[in-house]
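A quick write-up on the structure given underneath.
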Amino acid sequence: MVIDEDRCTGCEACVAACHAENNIAIVGDDQAARGRAMHWIRVERYYEGDFPDIKVKYRPVPCQQCSDAPCEPVCPTYASYHNPEGLNAQIYNRCIGTRYCANACPYLVRFFNFFNPVWDKPLDLQFNPDVSVRSVGIMEKCTFCIQRIKAAEIKAKAEKRPLKDGEFNPACVQSCPAEAMVFGDLNDPESQVSRLSGSSRGTKLLEELGTHPEVTYLKRDTWHNEQNA
Amino acid sequence: MNKTPEQINQDLLRPIYHTTWRFYASASILSALVLAAFFAWGYQIYYGIGVSGLDRPVFWAFYITNFVFWIGISHAGTLISAILRVSNATWRRPVTRCAEAITVFALSISAMFPLIHLGRPWLFFWLIPYPSERGIWPQFRSPLLWDFFAINTYLIGSVTFLLLPSFPDFALIRDRAGGWRKKVYSIVSLGWRGTPKQWHRLEMAMRIMAVAIIPVAVSVHTIVSWDFAMAPVPGWHSTIFGPYFVAGAIFSGIAALILAMAILRKTLHLEEYLQPIHFAALGKLLLVMSLLWFYFVFAERLTTWYGNFPSEMPAFWSTQTGSFGPLFWIMIFCNFIIPAPILAIKYLREKIGWTVVASIPIIIGMWLERFLIIVPSLSHKYLPYNYGSYRPSWVEITITVGTFAGMGLLYLIFSRVFPIISIWELKLGMTKGEAPALASQEAATEET
């Protein structure tokens, strides 16, 4: 995945789309105020400068799907594991809730079900049947919408053809009005995501930790700052 | 004063035959607190772990603090007793059993905390490697699994270490008691007859256990420290954690031992057995550990500050001058500034009251130390957008108080079931002419 910080407007459509697609519990304002909100993708806001010359920087952060993920080896039950396609998968049924993975994750993109989830009416009528609902006491996280990946793979296999670039997208990418996010196969050198991630603007989040994230951020370019200066 | 063996028997077996109203009163108060803790745990299992104060990003807090704290306390016993046995310190004889008992109980309590803290505690057995219908082993790369094995090894070792030298004393009770006591102690003394062959085997077993248990004890707390040090969390990922935790564990363990001995001495009238010389000797050890602990804290803080990594500094400053600052400086006072001078002055160290005054703040300070390792680091991880904080809920506080009461209760019951001082070892010391403090200390106390 490639995320262009230059394009992100901070509208949080990705957050809403992710909630709807992945049956993410809505914990309510009380719990959210205690820091228990669950957003598999979040838009981080950073402010630069002093009032009134403030610049706001938005950074959408989903799971970085690290190649060397710190969350994986620490899980005693293999709930957090690396799937053959290179995703950091979370097997909900194996999770016993040690929360070690969440501590080890430097990006804090793992979320814990502190209570059994409840959905206010009429949200209980819009579940996605392709995604399991998580119970109390387990971890959950961004899957890059693995249900969509699998569906597209099955369809392509049935039609006896390879997957096309951009044939499907995770909910956050699909819903981004500014097209700040691009999703695709990094192993395919021709895909849009491969070309963009090679950009000279490309950076990785907390790259110095050696987690080798699969998400590339395109930083705000220098012309942008000059223009605002 | 020189006690005859019969007088020793009577003195040390008295608590087993006679219970006072004080015992029942304190046992019921402690039981009530323990029941409250179990109620709180049940409440948490029923409603979900959200009833605790945990949040994102502070996923570990009170429960893990208690876990590390109680494992630390457990280092009082087996380790100290083993070191004293191996080094043949003759003054150890009246001290070893109450120390070993602390280990067994503190370790049992601490082993409950990983379960209490689980999101789905009813599935804890998935950490056990057994061929199951799920078709997978536990993850052997996870420090939590190392923990599981280390704690179980230590628990089995400590129970063995406590029980082995108890058999001759059980047999003594069996031979003197009547009624139901005779039946019970006949079973638990496992047919001890006191034949030379049995004595020889007991001695061999104790020698092997004393040597074997030392690396186990050191490795247990090292592995506990690796729960933190293996994770790339600012302030956790440090090579100093292994020895730092082991030193801290022995430190808090000795303080707990001094407190336990002082209470036993008063309540069970063991003034002539647990003498100031024992407290002074443990006080010296405690002073060494206090200095060592301070050295570790200083080294850890200085290297972090000097290294000045951007990711480490928010957690660092939050404990020095920020919101966790007061707790940090209380910890320094409790662990070093108060106890070190008291224990360094010979006159004070030889007064039991003063060693207790030095030990109580250490218990508080070492609990705070574990809290300050866990929470400030978790609340200041890398991306500043996700900084958080933590406040314990009544559930966590009740469970924490309950475990302290539970420790008291277990120890109270233990002191009425086991002779709290190893009778045969004490007598053995006397026949060897060691005069473990009984006669020689008598002279010393008369002088002062």
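Identifiers in this document derive from the order of the structure tokens: chains are assigned A, B, ..., residues are numbered from 1 separately in each chain, and ligands are numbered from 1 in order of occurrence.
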Neighbouring residues of Gly253 of chain B were defined as those with any atom within 7 Å, considering only C-alpha atoms; residues of the same chain fewer than 5 positions away were excluded. Please report them as a PyMOL selection string. chain B and resi 72-76
May I have the residues from that selection written out with N, CA and C atoms, as a CSV table (one decimal), in the first residue's frame?
chain,number,residue,atom,x,y,z
B,72,GLY,N,9.5,-11.3,42.5
B,72,GLY,CA,10.6,-10.7,43.1
B,72,GLY,C,10.7,-11.1,44.6
B,73,ILE,N,9.5,-11.0,45.3
B,73,ILE,CA,9.4,-11.4,46.7
B,73,ILE,C,9.8,-12.8,46.8
B,74,SER,N,9.4,-13.6,45.8
B,74,SER,CA,9.7,-15.1,46.0
B,74,SER,C,11.2,-15.4,45.9
B,75,HIS,N,12.0,-14.4,45.5
B,75,HIS,CA,13.4,-14.6,45.5
B,75,HIS,C,14.0,-14.5,46.9
B,76,ALA,N,13.2,-14.1,47.8
B,76,ALA,CA,13.7,-14.1,49.2
B,76,ALA,C,14.2,-15.4,49.6
I want to know what sits within 8 Å of Val34 of chain B, based on only C-alpha atoms, with residues of the same chain fewer than 5 positions away left out; could you give that as a list of chain:residue names? B:Gly402, B:Thr403, B:Ala405, B:Gly406
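The protein and nucleic acid residues lying at most 10 Å from His212 of chain A are Gln64, Gln65, Cys66, Ser67, Asp68, Ala69, Lys204, Leu205, Leu206, Glu207 and Glu208 of chain A, with only C-alpha atoms considered and sequence neighbours fewer than 4 positions away removed.
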With a cut-off of 6 Å and counting only C-alpha atoms, select all residues of chain A in contact with chain B and give the selection as number ranges by chain. A: 35-36, 73-78, 96-98, 104, 114-115, 137
Give me a file of those residues, with N, CA and C atoms, as a PDB file, in the first residue's frame.
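As written to disk, selection-v2.pdb reads:
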ATOM      1  N   GLY A  35      -9.654   5.846  25.936  1.00  0.00           N
ATOM      2  CA  GLY A  35      -8.603   5.337  25.061  1.00  0.00           C
ATOM      3  C   GLY A  35      -8.870   3.931  24.579  1.00  0.00           C
ATOM      4  N   ARG A  36     -10.128   3.553  24.475  1.00  0.00           N
ATOM      5  CA  ARG A  36     -10.414   2.185  24.044  1.00  0.00           C
ATOM      6  C   ARG A  36     -11.099   2.134  22.690  1.00  0.00           C
ATOM      7  N   PRO A  73       6.439 -12.843  16.823  1.00  0.00           N
ATOM      8  CA  PRO A  73       7.094 -13.858  17.668  1.00  0.00           C
ATOM      9  C   PRO A  73       6.663 -13.816  19.122  1.00  0.00           C
ATOM     10  N   VAL A  74       6.098 -12.709  19.597  1.00  0.00           N
ATOM     11  CA  VAL A  74       5.794 -12.614  21.025  1.00  0.00           C
ATOM     12  C   VAL A  74       4.491 -13.313  21.402  1.00  0.00           C
ATOM     13  N   CYS A  75       3.666 -13.640  20.419  1.00  0.00           N
ATOM     14  CA  CYS A  75       2.377 -14.258  20.748  1.00  0.00           C
ATOM     15  C   CYS A  75       2.593 -15.720  21.134  1.00  0.00           C
ATOM     16  N   PRO A  76       2.184 -16.127  22.346  1.00  0.00           N
ATOM     17  CA  PRO A  76       2.451 -17.507  22.761  1.00  0.00           C
ATOM     18  C   PRO A  76       1.567 -18.540  22.073  1.00  0.00           C
ATOM     19  N   THR A  77       0.510 -18.108  21.378  1.00  0.00           N
ATOM     20  CA  THR A  77      -0.426 -19.085  20.811  1.00  0.00           C
ATOM     21  C   THR A  77      -0.528 -19.014  19.291  1.00  0.00           C
ATOM     22  N   TYR A  78       0.387 -18.367  18.634  1.00  0.00           N
ATOM     23  CA  TYR A  78       0.354 -18.224  17.174  1.00  0.00           C
ATOM     24  C   TYR A  78      -0.909 -17.513  16.683  1.00  0.00           C
ATOM     25  N   ILE A  96      -5.689 -15.541  23.209  1.00  0.00           N
ATOM     26  CA  ILE A  96      -6.141 -15.652  24.590  1.00  0.00           C
ATOM     27  C   ILE A  96      -6.018 -14.309  25.316  1.00  0.00           C
ATOM     28  N   GLY A  97      -5.546 -13.296  24.634  1.00  0.00           N
ATOM     29  CA  GLY A  97      -5.584 -11.958  25.211  1.00  0.00           C
ATOM     30  C   GLY A  97      -4.452 -11.614  26.147  1.00  0.00           C
ATOM     31  N   THR A  98      -3.209 -11.998  25.805  1.00  0.00           N
ATOM     32  CA  THR A  98      -2.086 -11.560  26.635  1.00  0.00           C
ATOM     33  C   THR A  98      -1.743 -10.095  26.367  1.00  0.00           C
ATOM     34  N   ALA A 104       4.223  -4.847  21.824  1.00  0.00           N
ATOM     35  CA  ALA A 104       5.390  -4.941  20.955  1.00  0.00           C
ATOM     36  C   ALA A 104       5.225  -4.095  19.708  1.00  0.00           C
ATOM     37  N   PHE A 114     -12.137  -4.860  24.968  1.00  0.00           N
ATOM     38  CA  PHE A 114     -12.218  -4.814  26.420  1.00  0.00           C
ATOM     39  C   PHE A 114     -13.548  -5.362  26.922  1.00  0.00           C
ATOM     40  N   PHE A 115     -14.592  -5.267  26.075  1.00  0.00           N
ATOM     41  CA  PHE A 115     -15.901  -5.830  26.417  1.00  0.00           C
ATOM     42  C   PHE A 115     -16.431  -6.555  25.192  1.00  0.00           C
ATOM     43  N   GLY A 137     -12.019  -9.877  25.031  1.00  0.00           N
ATOM     44  CA  GLY A 137     -10.755 -10.451  25.463  1.00  0.00           C
ATOM     45  C   GLY A 137      -9.801 -10.828  24.356  1.00  0.00           C
TER      46      GLY A 137
END
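For the set A:Pro122, A:Asn128, A:Tyr107, A:Met1, the residue with the smallest atom-to-atom gap to Ala17 of chain A is A:Asn128, counting only C-alpha atoms.
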Neighbour list for segment 4-9 of chain A as number ranges by chain, cut-off 12 Å, only C-alpha atoms, skip fewer than 3 positions in-chain: A: 1, 12-14, 43-46, 56-61, 173, 176-183, 193, 196-197, 199, 201-205, 215-225
For the helix (DSSP H, G or I) assignment from backbone DSSP, which residues of segment 86-318 of chain B qualify? Please present them as a ChimeraX atom specification. /B:86,90-92,96-117,121-127,143-176,179-188,196-229,241-267,276-307,313-318
Determine, counting only C-alpha atoms, which protein, DNA and RNA residues have an atom within 12 Å of an atom of segment 397-400 of chain B; residues of the same chain fewer than 3 positions away are not included. Present the result as a VMD selection string. chain B and resid 32 to 44 51 to 53 61 to 67 69 to 70 109 to 110 112 to 113 116 to 117 367 391 to 394 403 to 407
Could you pull out the residues in chain A that DSSP calls strand (DSSP E) from the backbone, as a PyMOL selection string? chain A and resi 2-4+42-48+55-61+80-82+88-90+110-112+139-141+181-182+202-203+216-218
Which value, in Å to one decimal, gives the distance between atom CA of Met206 of chain B and atom CA of Ile421 of chain B? 16.6 Å
